[in-house]
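Chemist: What follows is run_26.txt; its format and atoms are compact mmCIF, C-alpha atoms.
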# COMPACT_ATOMS: atom_id res chain seq x y z
CA MET P 275 -11.53 -64.36 17.41
CA THR P 276 -8.81 -66.40 19.06
CA LEU P 277 -8.48 -69.97 17.99
CA ASP P 278 -6.95 -72.70 20.05
CA TRP P 279 -6.26 -75.72 17.91
CA ALA P 280 -4.48 -77.48 20.75
CA VAL P 281 -7.88 -78.58 21.99
CA VAL P 282 -8.08 -81.03 19.10
CA TRP P 283 -4.77 -82.63 20.03
CA GLN P 284 -5.69 -82.77 23.72
CA HIS P 285 -8.73 -84.86 22.90
CA ARG P 286 -7.05 -87.06 20.33
CA ASP P 287 -7.73 -90.27 22.26
CA ALA P 288 -11.47 -89.65 22.35
CA LEU P 289 -11.52 -88.68 18.67
CA VAL P 290 -9.61 -91.79 17.64
CA ALA P 291 -11.96 -93.94 19.71
CA GLY P 292 -14.90 -92.18 18.03
CA ALA P 293 -13.46 -92.79 14.58
CA ARG P 294 -12.94 -96.43 15.49
CA THR P 295 -16.60 -96.76 16.51
CA THR P 296 -17.63 -95.13 13.22
CA VAL P 297 -15.64 -97.69 11.23
CA LEU P 298 -16.87 -100.56 13.39
CA LEU P 299 -20.47 -99.45 12.97
CA ALA P 300 -20.14 -99.24 9.18
CA VAL P 301 -18.45 -102.67 8.96
CA ALA P 302 -20.98 -104.34 11.26
CA THR P 303 -23.90 -102.81 9.37
CA MET P 304 -22.58 -104.01 6.02
CA ALA P 305 -21.85 -107.47 7.48
CA ILE P 306 -25.53 -107.73 8.43
CA ALA P 307 -26.98 -105.95 5.40
CA LEU P 308 -25.21 -108.00 2.72
CA PRO P 309 -26.66 -111.43 3.59
CA CYS P 310 -30.01 -109.95 4.69
CA GLY P 311 -30.23 -107.90 1.49
CA ALA P 312 -29.53 -111.01 -0.57
CA ILE P 313 -32.27 -112.92 1.25
CA VAL P 314 -34.80 -110.12 0.77
CA ALA P 315 -33.88 -109.85 -2.92
CA VAL P 316 -34.35 -113.60 -3.42
CA LEU P 317 -37.70 -113.48 -1.60
CA ARG P 318 -38.77 -110.61 -3.84
CA LEU P 319 -37.75 -112.40 -7.01
CA TYR P 320 -38.65 -116.04 -6.38
CA ALA P 321 -40.94 -116.41 -3.35
CA GLY P 322 -44.69 -116.87 -3.65
CA GLU P 323 -47.29 -114.45 -2.40
CA PRO P 324 -47.68 -112.92 0.18
CA VAL P 325 -43.96 -113.10 1.01
CA ARG P 326 -43.04 -111.40 -2.24
CA THR P 327 -45.32 -108.44 -1.56
CA LEU P 328 -44.08 -108.15 2.00
CA ALA P 329 -40.46 -108.08 0.83
CA THR P 330 -41.29 -105.43 -1.77
CA ALA P 331 -43.17 -103.36 0.82
CA TYR P 332 -40.22 -103.55 3.21
CA VAL P 333 -37.77 -102.38 0.56
CA GLU P 334 -39.98 -99.54 -0.68
CA PHE P 335 -40.82 -98.40 2.85
CA PHE P 336 -37.26 -98.08 4.09
CA ARG P 337 -35.95 -96.58 0.87
CA ASN P 338 -38.51 -93.81 1.23
CA LEU P 339 -37.76 -92.83 4.82
CA PRO P 340 -35.16 -90.43 6.22
CA LEU P 341 -32.61 -92.52 8.10
CA ILE P 342 -32.54 -90.14 11.06
CA LEU P 343 -36.23 -90.85 11.63
CA VAL P 344 -35.58 -94.60 11.54
CA VAL P 345 -32.87 -94.06 14.14
CA TYR P 346 -35.24 -92.23 16.50
CA TRP P 347 -37.96 -94.75 15.84
CA ALA P 348 -35.64 -97.66 16.63
CA PHE P 349 -34.50 -95.89 19.78
CA TYR P 350 -38.03 -95.61 21.18
CA VAL P 351 -39.79 -98.59 19.64
CA LEU P 352 -37.26 -101.44 19.64
CA PRO P 353 -37.01 -101.67 23.46
CA ILE P 354 -40.80 -101.92 23.67
CA LEU P 355 -41.17 -104.39 20.78
CA THR P 356 -38.37 -106.67 21.93
CA GLY P 357 -38.58 -106.09 25.65
CA LEU P 358 -34.80 -105.76 25.72
CA GLY P 359 -32.78 -102.83 26.95
CA LEU P 360 -30.60 -102.31 23.90
CA SER P 361 -27.44 -100.22 24.04
CA PRO P 362 -27.31 -97.11 21.83
CA PHE P 363 -24.75 -98.89 19.65
CA ALA P 364 -27.04 -101.90 19.10
CA THR P 365 -30.00 -99.61 18.39
CA GLY P 366 -28.01 -97.54 15.90
CA LEU P 367 -26.75 -100.72 14.28
CA ALA P 368 -30.29 -102.05 13.94
CA ALA P 369 -31.53 -98.81 12.35
CA LEU P 370 -28.63 -98.67 9.91
CA ALA P 371 -28.99 -102.36 9.06
CA LEU P 372 -32.73 -101.99 8.37
CA ASN P 373 -31.96 -99.12 6.01
CA VAL P 374 -28.97 -100.57 4.18
CA THR P 375 -30.60 -104.01 3.85
CA ALA P 376 -33.39 -102.38 1.85
CA TYR P 377 -30.90 -100.65 -0.44
CA ASN P 378 -28.82 -103.80 -0.89
CA ALA P 379 -31.92 -105.86 -1.66
CA GLU P 380 -32.79 -103.44 -4.44
CA THR P 381 -29.22 -103.55 -5.74
CA PHE P 382 -29.17 -107.36 -5.84
CA ARG P 383 -32.58 -107.53 -7.48
CA ALA P 384 -31.66 -105.00 -10.16
CA GLY P 385 -28.36 -106.81 -10.76
CA ILE P 386 -30.03 -110.18 -11.27
CA ASN P 387 -32.77 -108.66 -13.43
CA SER P 388 -30.14 -106.95 -15.59
CA ILE P 389 -28.96 -110.33 -16.92
CA ARG P 390 -31.13 -111.09 -19.94
CA ARG P 391 -33.67 -113.91 -19.65
CA GLY P 392 -32.23 -115.53 -22.75
CA GLN P 393 -29.21 -116.57 -20.71
CA THR P 394 -31.31 -118.47 -18.17
CA GLU P 395 -33.31 -120.02 -20.99
CA ALA P 396 -30.15 -121.09 -22.80
CA ALA P 397 -28.76 -122.59 -19.59
CA MET P 398 -31.97 -124.53 -19.03
CA ALA P 399 -31.93 -125.70 -22.62
CA LEU P 400 -28.48 -127.13 -21.86
CA GLY P 401 -30.07 -129.16 -19.07
CA MET P 402 -29.24 -127.00 -16.05
CA SER P 403 -31.79 -126.64 -13.30
CA ARG P 404 -33.10 -123.18 -12.41
CA VAL P 405 -30.87 -123.05 -9.35
CA GLN P 406 -27.83 -124.15 -11.36
CA ALA P 407 -28.54 -121.53 -14.02
CA LEU P 408 -28.81 -118.88 -11.33
CA ARG P 409 -25.64 -119.96 -9.55
CA ARG P 410 -23.41 -120.63 -12.54
CA ILE P 411 -24.70 -118.24 -15.19
CA VAL P 412 -26.65 -115.34 -13.74
CA ILE P 413 -24.96 -114.56 -10.41
CA PRO P 414 -21.36 -114.47 -11.68
CA GLN P 415 -22.34 -111.87 -14.28
CA ALA P 416 -24.67 -109.96 -11.96
CA LEU P 417 -21.93 -109.60 -9.34
CA ARG P 418 -19.82 -107.50 -11.68
CA ARG P 419 -22.68 -105.05 -12.02
CA ILE P 420 -23.60 -105.16 -8.35
CA LEU P 421 -20.12 -104.43 -7.00
CA PRO P 422 -19.90 -100.75 -8.07
CA VAL P 423 -23.34 -100.05 -6.58
CA LEU P 424 -22.41 -101.79 -3.33
CA ALA P 425 -19.27 -99.67 -3.21
CA SER P 426 -21.22 -96.42 -3.37
CA THR P 427 -23.73 -97.75 -0.84
CA TRP P 428 -20.76 -98.39 1.43
CA VAL P 429 -19.59 -94.78 1.16
CA SER P 430 -23.12 -93.51 1.88
CA LEU P 431 -23.33 -95.85 4.85
CA PHE P 432 -20.00 -94.64 6.18
CA LYS P 433 -21.30 -91.07 6.16
CA ASP P 434 -24.73 -92.04 7.46
CA THR P 435 -23.23 -93.55 10.61
CA SER P 436 -22.92 -89.92 11.77
CA LEU P 437 -26.72 -89.84 12.17
CA VAL P 438 -26.73 -92.26 15.08
CA SER P 439 -25.04 -89.49 17.08
CA VAL P 440 -28.59 -88.26 17.84
CA ILE P 441 -29.14 -91.29 20.09
CA ALA P 442 -25.76 -90.84 21.80
CA VAL P 443 -23.77 -93.57 20.08
CA THR P 444 -20.20 -92.49 20.82
CA GLU P 445 -19.01 -92.36 17.24
CA LEU P 446 -16.98 -89.59 15.66
CA ALA P 447 -19.74 -86.98 15.25
CA TYR P 448 -21.09 -87.48 18.79
CA VAL P 449 -17.65 -87.40 20.38
CA SER P 450 -16.67 -84.24 18.49
CA MET P 451 -19.87 -82.45 19.45
CA GLN P 452 -19.48 -83.53 23.08
CA ILE P 453 -15.97 -82.07 23.21
CA ARG P 454 -17.32 -78.93 21.56
CA ALA P 455 -19.94 -78.62 24.27
CA GLN P 456 -17.42 -79.16 27.07
CA THR P 457 -14.69 -76.85 25.79
CA PHE P 458 -16.76 -74.26 23.88
CA ARG P 459 -14.17 -74.56 21.10
CA VAL P 460 -16.89 -74.66 18.44
CA LEU P 461 -15.02 -73.74 15.28
CA GLU P 462 -11.99 -75.87 16.14
CA MET P 463 -13.89 -79.02 17.04
CA LEU P 464 -16.39 -78.85 14.20
CA THR P 465 -13.62 -78.23 11.69
CA ALA P 466 -11.59 -81.09 13.16
CA MET P 467 -14.63 -83.36 12.84
CA ALA P 468 -15.07 -82.39 9.18
CA VAL P 469 -11.37 -82.90 8.47
CA ILE P 470 -11.30 -86.34 10.10
CA TYR P 471 -14.36 -87.42 8.11
CA TRP P 472 -12.66 -86.04 5.00
CA PHE P 473 -9.50 -88.06 5.59
CA LEU P 474 -11.53 -91.21 6.16
CA GLY P 475 -14.05 -90.65 3.39
CA TYR P 476 -12.03 -89.10 0.57
CA PRO P 477 -9.94 -92.20 -0.27
CA GLN P 478 -13.14 -94.25 -0.19
CA ALA P 479 -14.86 -91.91 -2.65
CA LYS P 480 -11.83 -92.16 -4.96
CA LEU P 481 -11.80 -95.95 -4.62
CA VAL P 482 -15.46 -96.07 -5.62
CA ASP P 483 -14.67 -94.02 -8.73
CA TRP P 484 -11.94 -96.50 -9.60
CA ILE P 485 -14.22 -99.51 -9.06
CA GLN P 486 -16.90 -97.91 -11.21
CA ARG P 487 -14.43 -97.30 -14.03
CA ARG P 488 -12.97 -100.79 -13.68
CA TYR P 489 -16.33 -102.59 -13.74
CA ALA P 490 -18.17 -100.24 -16.07
CA VAL P 491 -20.69 -102.15 -18.18
CA THR P 492 -20.34 -101.30 -21.83
CA GLU P 493 -23.05 -102.59 -24.09
CA MET U 83 -49.12 -101.70 25.15
CA ASP U 84 -51.72 -99.04 24.57
CA PHE U 85 -51.48 -96.72 21.63
CA ASP U 86 -53.33 -93.46 21.59
CA PHE U 87 -53.11 -91.63 18.32
CA ALA U 88 -55.19 -88.75 19.68
CA VAL U 89 -51.85 -87.08 20.37
CA ILE U 90 -51.49 -86.54 16.61
CA ALA U 91 -54.87 -84.80 16.38
CA ASP U 92 -54.04 -82.66 19.42
CA HIS U 93 -50.88 -81.36 17.75
CA ALA U 94 -52.15 -81.40 14.17
CA HIS U 95 -51.37 -77.73 13.59
CA PHE U 96 -47.90 -77.95 15.02
CA LEU U 97 -47.06 -81.02 12.90
CA ALA U 98 -48.66 -79.58 9.77
CA TYR U 99 -46.39 -76.54 10.17
CA GLY U 100 -43.46 -78.96 10.23
CA VAL U 101 -44.64 -80.55 6.99
CA GLY U 102 -44.82 -77.07 5.45
CA VAL U 103 -41.26 -76.25 6.51
CA THR U 104 -40.06 -79.64 5.21
CA LEU U 105 -41.68 -78.95 1.83
CA ALA U 106 -40.36 -75.40 1.67
CA LEU U 107 -36.83 -76.41 2.62
CA SER U 108 -36.91 -79.33 0.15
CA ALA U 109 -38.16 -77.18 -2.72
CA LEU U 110 -35.74 -74.32 -2.05
CA SER U 111 -32.65 -76.42 -1.47
CA GLY U 112 -33.59 -78.65 -4.42
CA LEU U 113 -33.74 -75.58 -6.63
CA THR U 114 -30.59 -73.86 -5.36
CA SER U 115 -28.53 -77.04 -5.46
CA LEU U 116 -29.71 -77.81 -8.99
CA VAL U 117 -28.72 -74.34 -10.22
CA THR U 118 -25.42 -74.36 -8.31
CA GLY U 119 -24.70 -77.91 -9.46
CA PHE U 120 -25.28 -76.91 -13.06
CA VAL U 121 -22.80 -74.04 -12.77
CA VAL U 122 -20.26 -76.26 -10.99
CA ALA U 123 -20.56 -78.94 -13.69
CA LEU U 124 -20.06 -76.39 -16.47
CA LEU U 125 -17.03 -75.00 -14.64
CA ARG U 126 -15.62 -78.50 -14.29
CA LEU U 127 -16.12 -79.28 -17.97
CA TYR U 128 -15.55 -75.95 -19.71
CA GLY U 129 -14.16 -73.61 -17.01
CA PRO U 130 -10.64 -72.22 -16.91
CA ARG U 131 -8.05 -74.97 -16.56
CA TRP U 132 -6.61 -73.61 -13.28
CA LEU U 133 -10.03 -73.74 -11.64
CA ARG U 134 -10.78 -77.36 -12.44
CA PRO U 135 -8.70 -79.03 -9.68
CA ALA U 136 -10.46 -76.83 -7.11
CA VAL U 137 -13.87 -77.79 -8.50
CA ILE U 138 -13.01 -81.48 -8.45
CA LEU U 139 -11.68 -81.18 -4.88
CA TYR U 140 -14.93 -79.52 -3.82
CA ILE U 141 -17.09 -82.22 -5.41
CA ASP U 142 -15.09 -85.13 -4.02
CA SER U 143 -14.90 -83.54 -0.56
CA MET U 144 -18.67 -83.27 -0.37
CA ARG U 145 -18.92 -86.92 -1.32
CA ALA U 146 -16.60 -87.71 1.59
CA ILE U 147 -18.16 -85.62 4.39
CA PRO U 148 -21.53 -86.49 5.99
CA VAL U 149 -24.32 -83.99 5.43
CA LEU U 150 -24.81 -83.79 9.20
CA VAL U 151 -21.28 -82.45 9.53
CA VAL U 152 -21.85 -79.87 6.79
CA LEU U 153 -25.11 -78.71 8.40
CA VAL U 154 -23.65 -78.46 11.89
CA TRP U 155 -20.64 -76.61 10.53
CA ALA U 156 -22.81 -74.18 8.55
CA PHE U 157 -24.93 -73.40 11.60
CA PHE U 158 -22.36 -73.24 14.41
CA ALA U 159 -18.99 -72.57 12.81
CA LEU U 160 -19.78 -70.44 9.75
CA PRO U 161 -21.13 -67.53 11.84
CA ILE U 162 -17.86 -67.50 13.81
CA VAL U 163 -15.90 -67.24 10.58
CA THR U 164 -18.11 -64.67 8.88
CA GLY U 165 -19.34 -62.80 11.96
CA LEU U 166 -22.94 -63.11 10.75
CA THR U 167 -25.49 -65.08 12.70
CA MET U 168 -28.03 -66.96 10.65
CA PRO U 169 -31.43 -68.39 11.50
CA PRO U 170 -31.46 -72.21 11.38
CA PHE U 171 -33.50 -72.29 8.17
CA ALA U 172 -30.95 -70.19 6.27
CA ALA U 173 -28.06 -72.24 7.64
CA ALA U 174 -29.83 -75.44 6.60
CA LEU U 175 -30.48 -74.06 3.14
CA ILE U 176 -26.81 -73.11 2.75
CA GLY U 177 -25.52 -76.39 4.18
CA LEU U 178 -27.82 -78.56 2.08
CA THR U 179 -27.03 -76.56 -1.06
CA ILE U 180 -23.26 -76.84 -0.55
CA HIS U 181 -23.63 -80.58 -0.04
CA LEU U 182 -26.21 -81.47 -2.69
CA ALA U 183 -24.83 -79.19 -5.41
CA ALA U 184 -21.79 -81.47 -5.60
CA TYR U 185 -24.04 -84.45 -6.32
CA ALA U 186 -26.10 -82.44 -8.81
CA ALA U 187 -22.88 -81.39 -10.55
CA GLU U 188 -21.82 -85.01 -11.00
CA ILE U 189 -25.21 -85.89 -12.47
CA VAL U 190 -25.09 -82.95 -14.88
CA ARG U 191 -21.55 -83.82 -15.90
CA ALA U 192 -22.42 -87.47 -16.53
CA GLY U 193 -25.41 -86.36 -18.62
CA ILE U 194 -23.35 -83.99 -20.75
CA GLU U 195 -20.54 -86.51 -21.21
CA SER U 196 -23.04 -89.19 -22.27
CA VAL U 197 -23.66 -87.32 -25.54
CA ARG U 198 -21.17 -88.78 -27.98
CA PRO U 199 -18.31 -86.48 -29.07
CA GLY U 200 -19.16 -87.22 -32.71
CA GLN U 201 -22.18 -84.97 -32.33
CA THR U 202 -20.04 -82.07 -31.14
CA ARG U 203 -17.68 -82.59 -34.07
CA ALA U 204 -20.55 -82.72 -36.52
CA ALA U 205 -21.98 -79.51 -35.09
CA LEU U 206 -18.56 -77.83 -35.25
CA ALA U 207 -18.31 -78.91 -38.88
CA LEU U 208 -21.66 -77.24 -39.50
CA GLY U 209 -20.21 -74.01 -38.18
CA MET U 210 -21.86 -73.82 -34.74
CA SER U 211 -20.07 -72.15 -31.86
CA ARG U 212 -19.28 -74.08 -28.64
CA GLN U 213 -22.11 -72.29 -26.88
CA GLN U 214 -24.60 -73.07 -29.62
CA ILE U 215 -23.57 -76.73 -29.55
CA LEU U 216 -24.11 -76.94 -25.81
CA ARG U 217 -27.49 -75.24 -26.02
CA ARG U 218 -28.92 -76.80 -29.15
CA ILE U 219 -27.29 -80.21 -29.45
CA ILE U 220 -25.95 -81.44 -26.13
CA LEU U 221 -28.28 -80.12 -23.43
CA PRO U 222 -31.60 -81.15 -25.03
CA GLN U 223 -30.43 -84.78 -25.03
CA ALA U 224 -28.41 -84.60 -21.83
CA ILE U 225 -31.17 -83.09 -19.69
CA VAL U 226 -33.55 -85.95 -20.49
CA ARG U 227 -30.88 -88.46 -19.54
CA MET U 228 -30.24 -86.66 -16.25
CA LEU U 229 -33.88 -86.89 -15.17
CA PRO U 230 -33.86 -90.26 -13.34
CA ALA U 231 -30.75 -89.33 -11.36
CA LEU U 232 -32.06 -85.84 -10.60
CA GLY U 233 -35.31 -87.43 -9.46
CA SER U 234 -33.52 -89.61 -6.94
CA LEU U 235 -31.52 -86.56 -5.88
CA LEU U 236 -34.82 -84.84 -5.14
CA SER U 237 -35.89 -87.69 -2.90
CA ILE U 238 -32.46 -87.60 -1.21
CA THR U 239 -32.99 -83.86 -0.70
CA ILE U 240 -36.32 -84.41 1.05
CA LYS U 241 -34.76 -87.09 3.24
CA ASP U 242 -31.77 -84.86 4.06
CA THR U 243 -34.00 -82.02 5.23
CA ALA U 244 -34.86 -84.27 8.19
CA ILE U 245 -31.22 -83.98 9.28
CA ALA U 246 -31.74 -80.22 9.60
CA SER U 247 -33.62 -81.10 12.80
CA VAL U 248 -30.24 -81.28 14.57
CA ILE U 249 -29.79 -77.55 14.00
CA ALA U 250 -33.34 -76.85 15.21
CA VAL U 251 -35.04 -76.11 11.90
CA PRO U 252 -38.72 -76.55 12.77
CA GLU U 253 -39.42 -79.10 10.04
CA LEU U 254 -41.40 -82.31 10.45
CA MET U 255 -38.64 -84.29 12.17
CA ARG U 256 -37.97 -81.55 14.70
CA GLN U 257 -41.64 -80.89 15.35
CA SER U 258 -42.17 -84.61 15.89
CA GLU U 259 -39.31 -84.69 18.40
CA THR U 260 -40.91 -81.80 20.28
CA VAL U 261 -44.36 -83.40 20.36
CA ALA U 262 -42.86 -86.77 21.30
CA GLY U 263 -40.95 -85.18 24.16
CA GLN U 264 -43.89 -83.21 25.51
CA SER U 265 -46.51 -85.93 25.21
CA PHE U 266 -44.32 -88.88 26.29
CA GLN U 267 -45.79 -90.80 23.34
CA PRO U 268 -42.79 -91.21 21.06
CA ILE U 269 -44.05 -94.38 19.41
CA GLU U 270 -47.26 -92.85 18.13
CA VAL U 271 -45.58 -89.62 17.05
CA TYR U 272 -42.60 -91.18 15.27
CA THR U 273 -44.76 -93.81 13.57
CA PHE U 274 -46.98 -91.02 12.32
CA ALA U 275 -43.94 -89.09 11.08
CA MET U 276 -42.79 -92.22 9.25
CA LEU U 277 -46.11 -92.45 7.45
CA VAL U 278 -46.02 -88.77 6.48
CA TYR U 279 -42.47 -89.00 5.13
CA PHE U 280 -43.34 -92.14 3.22
CA LEU U 281 -46.41 -90.48 1.72
CA LEU U 282 -44.27 -87.49 0.72
CA LEU U 283 -41.44 -89.52 -0.76
CA PHE U 284 -43.13 -92.46 -2.44
CA PRO U 285 -45.07 -90.35 -4.99
CA VAL U 286 -41.84 -88.47 -5.78
CA THR U 287 -39.86 -91.62 -6.58
CA ARG U 288 -42.78 -93.19 -8.45
CA GLY U 289 -43.69 -89.95 -10.24
CA VAL U 290 -40.15 -89.46 -11.48
CA ASP U 291 -40.13 -93.04 -12.80
CA LEU U 292 -43.40 -92.59 -14.67
CA PHE U 293 -42.42 -89.21 -16.06
CA TYR U 294 -39.10 -90.54 -17.27
CA ARG U 295 -40.73 -93.45 -19.08
CA ARG U 296 -42.81 -90.93 -21.00
CA VAL U 297 -39.91 -88.74 -22.09
CA ALA U 298 -37.07 -91.30 -22.31
CA HIS U 299 -37.32 -91.45 -26.11
CA LEU U 300 -36.35 -87.76 -26.31
CA GLY U 301 -32.90 -88.56 -24.92
CA ARG U 302 -32.04 -91.24 -27.46
CA SER U 303 -29.49 -90.52 -30.09
Kindly transcribe the structure held in the file into C-alpha cells.

Modeler:
Amino acid sequence: MTLDWAVVWQHRDALVAGARTTVLLAVATMAIALPCGAIVAVLRLYAGEPVRTLATAYVEFFRNLPLILVVYWAFYVLPILTGLGLSPFATGLAALALNVTAYNAETFRAGINSIRRGQTEAAMALGMSRVQALRRIVIPQALRRILPVLASTWVSLFKDTSLVSVIAVTELAYVSMQIRAQTFRVLEMLTAMAVIYWFLGYPQAKLVDWIQRRYAVTE
Amino acid sequence: MDFDFAVIADHAHFLAYGVGVTLALSALSGLTSLVTGFVVALLRLYGPRWLRPAVILYIDSMRAIPVLVVLVWAFFALPIVTGLTMPPFAAALIGLTIHLAAYAAEIVRAGIESVRPGQTRAALALGMSRQQILRRIILPQAIVRMLPALGSLLSITIKDTAIASVIAVPELMRQSETVAGQSFQPIEVYTFAMLVYFLLLFPVTRGVDLFYRRVAHLGRS
C-alpha cells in the first residue's frame, strides 16, 4: 500500500471551497429555521384549530423521517410542485430547513411550556396582557433553556449538511468524494474529509458542552 | 400531474425486503452500540486514568464527524487499512456502531452521574464494594433515567440506517432509489418511502414516551 498524501494538498482549493459551502449551508439553514421554527411553535401553542393540528402534524412528520430521504424527496418533488428549476444548493437548503424548522419548533414549544403557568397567571394578575406576559416574563426565561438545545441542534445540522452531497451540492463531502473518484486516492481523500470535518466540528462540540454547563437549569 | 401508485405494488417484494434490511440493521446496530456505549461509559468513569483522555477524544470526535463520513470511511477506507473486504451490511454495522456508541456512552454516563454521590457514600458506609454499589444502587436508578434518551437514540439509529444507502446496503432507502430510477416515478416511490419510515418511527418515539411514563417512578430517589 503506497499512500500519496500530496493529493490532499493539490486539491486544497476545492476542499476549502467545499468547506465554505458546508458552513454557508448550515448558516443559511439556521437563518431560515429559527424564525420559521418560532412561528410554527407559536401556531402550535396559541393558534386555533385546524392550524394547531397542522403545525403539530408538520413537526411530528419531519422529526420522524430520515433527512436523507427528505433530501431525495425535495430533489424530485420540489421542481414539480413549484414549477421552478431549483439549483442543488437551493434544494438541499430547502430540505435541511424543513427538517431543522421542525426540530426548532419543538425546542421553542418545550422551552415555553417549561415555564410554569403560575408565572403567566401572576403576570396577568399584575395587569399584564397575555402578550405582555409572554414577552416580558415567559420568553426571557425560556430563552435560557432553549439556547443549549439550539446549540446542539446547530452541531447536528452542521454534520447533516453532508447528506446533501447525494444530490450533488458541492459541499465538503461531495467535493472530497469527487476528488476520490478522479484520483483513486481513496484512503487519503476519505481520511482528509474526516479530518477536515473533525477540525470544523470538534470546537463546536466543545462549545456546546460549555454552553450546556453555563446555562444548566438547576431546580 | 398524474400519480400512479401501482409502481409500489409492482415492486412490493423488493421494497419489503428493504424494510426487512432496515429493521435488521436498526436492531443490530442499536444493540451493538448500546453494549459498546455501556463499556465506553464505564471506561470513561471507572477505567484506568491513562485511558480516559483517549475515551473522551473518541466520544467527542464522533460528535464532531458526520455519520455519512464514518460510514463511507468504514466501507471504502477501512478495507485498505486492514486488507479485509467487507460486505456493505457489515461495514454499515461497524460504522453505525462506532458512531452511535459514542452517543450511547454519553447517555449512560449522564444517567450514572445523575445518581447523587451521597448514595455511593452511604453504600460504602454499609460495607458494599464499588462493584456492588454500581450493580445494586446506581444502575437500577440510572437505567430508568436513561430510557427517554436511549429511546430517542433508537429513533436516531433507525433514521441513520437510511444513510447506509450511500454504501449500497439494500435497505429501504436504497431499494426505493433503485425502484425510483427504474420506474421513472420518483415522486410516488419516495412519498411511499416517507410514509413507511414515518410508520416505523412514530410508534417508536411514542412507545418510548408511554413506556417511560409507566416506569419513571422507579428512577426517583

Chemist: List the spatial neighbours of P:Arg404 as a ChimeraX atom specification - criterion: any atom at most 12 Å away, only C-alpha atoms, same-chain residues fewer than 6 positions off excluded.

Modeler: /P:320,391,393-398,410-412

Chemist: Could you check how far atom CA of U:Gln223 sits from atom CA of U:Val190, in Å to one decimal?

Modeler: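 Atom-to-atom, atom CA of U:Gln223 to atom CA of U:Val190, that is 11.6 Å.
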
Chemist: Check every residue of chain P for an atom within 9 Å of chain U, counting all atoms listed in the file, and provide those that qualify as a PyMOL selection string.

Modeler: chain P and resi 275+334-344+346-347+350-351+354+429-430+432-437+440+447+460-462+464-465+467-480

Chemist: In Å, rounded to a single decimal, give me how far atom CA of P:Arg326 is from atom CA of P:Thr365.

Modeler: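 Answer for the atom CA of P:Thr365 to atom CA of P:Arg326 separation: 27.1 Å.
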
Chemist: Quick one, how far is atom CA of P:Val482 from atom CA of P:Leu370?

Modeler: 20.5 Å

Chemist: Counting only C-alpha atoms, which residues in stretch 417-486 of chain P sit no more than 9 Å from stretch 378-384 of chain P? For each one, give the nearest pair of atoms and the distance in Å, sorted by chain then residue number, as a Markdown table.

Modeler:
| residue | atom | partner | partner_atom | distance |
| --- | --- | --- | --- | --- |
| P:Leu417 | CA | P:Phe382 | CA | 8.3 |
| P:Ile420 | CA | P:Thr381 | CA | 6.4 |
| P:Val423 | CA | P:Thr381 | CA | 6.9 |
| P:Leu424 | CA | P:Asn378 | CA | 7.1 |
| P:Thr427 | CA | P:Asn378 | CA | 7.9 |

Chemist: Counting only C-alpha atoms, find residues at most 10 Å from (-25.1, -83.0, -3.9) (file frame) and give them as a count of residues only.

Modeler: 25

Chemist: Which residues are near stretch 216-222 of chain U? Cut-off 7 Å, only C-alpha atoms, ignore same chain within fewer than 4 positions. Put them as a PyMOL selection string.

Modeler: chain U and resi 194+197+212+226

Chemist: Excluding U:Val290 and any residue of its chain fewer than 5 positions from it, enumerate the residues within 8 Å of it, using all atoms listed in the file, and give them as a ChimeraX atom specification.

Modeler: /U:229-230,233

Chemist: Applying 9 Å and all atoms listed in the file, which residues near P:Ala305 remain after dropping the ones on its own chain fewer than 5 positions away? List them as number ranges by chain.

Modeler: P: 300, 310, 371
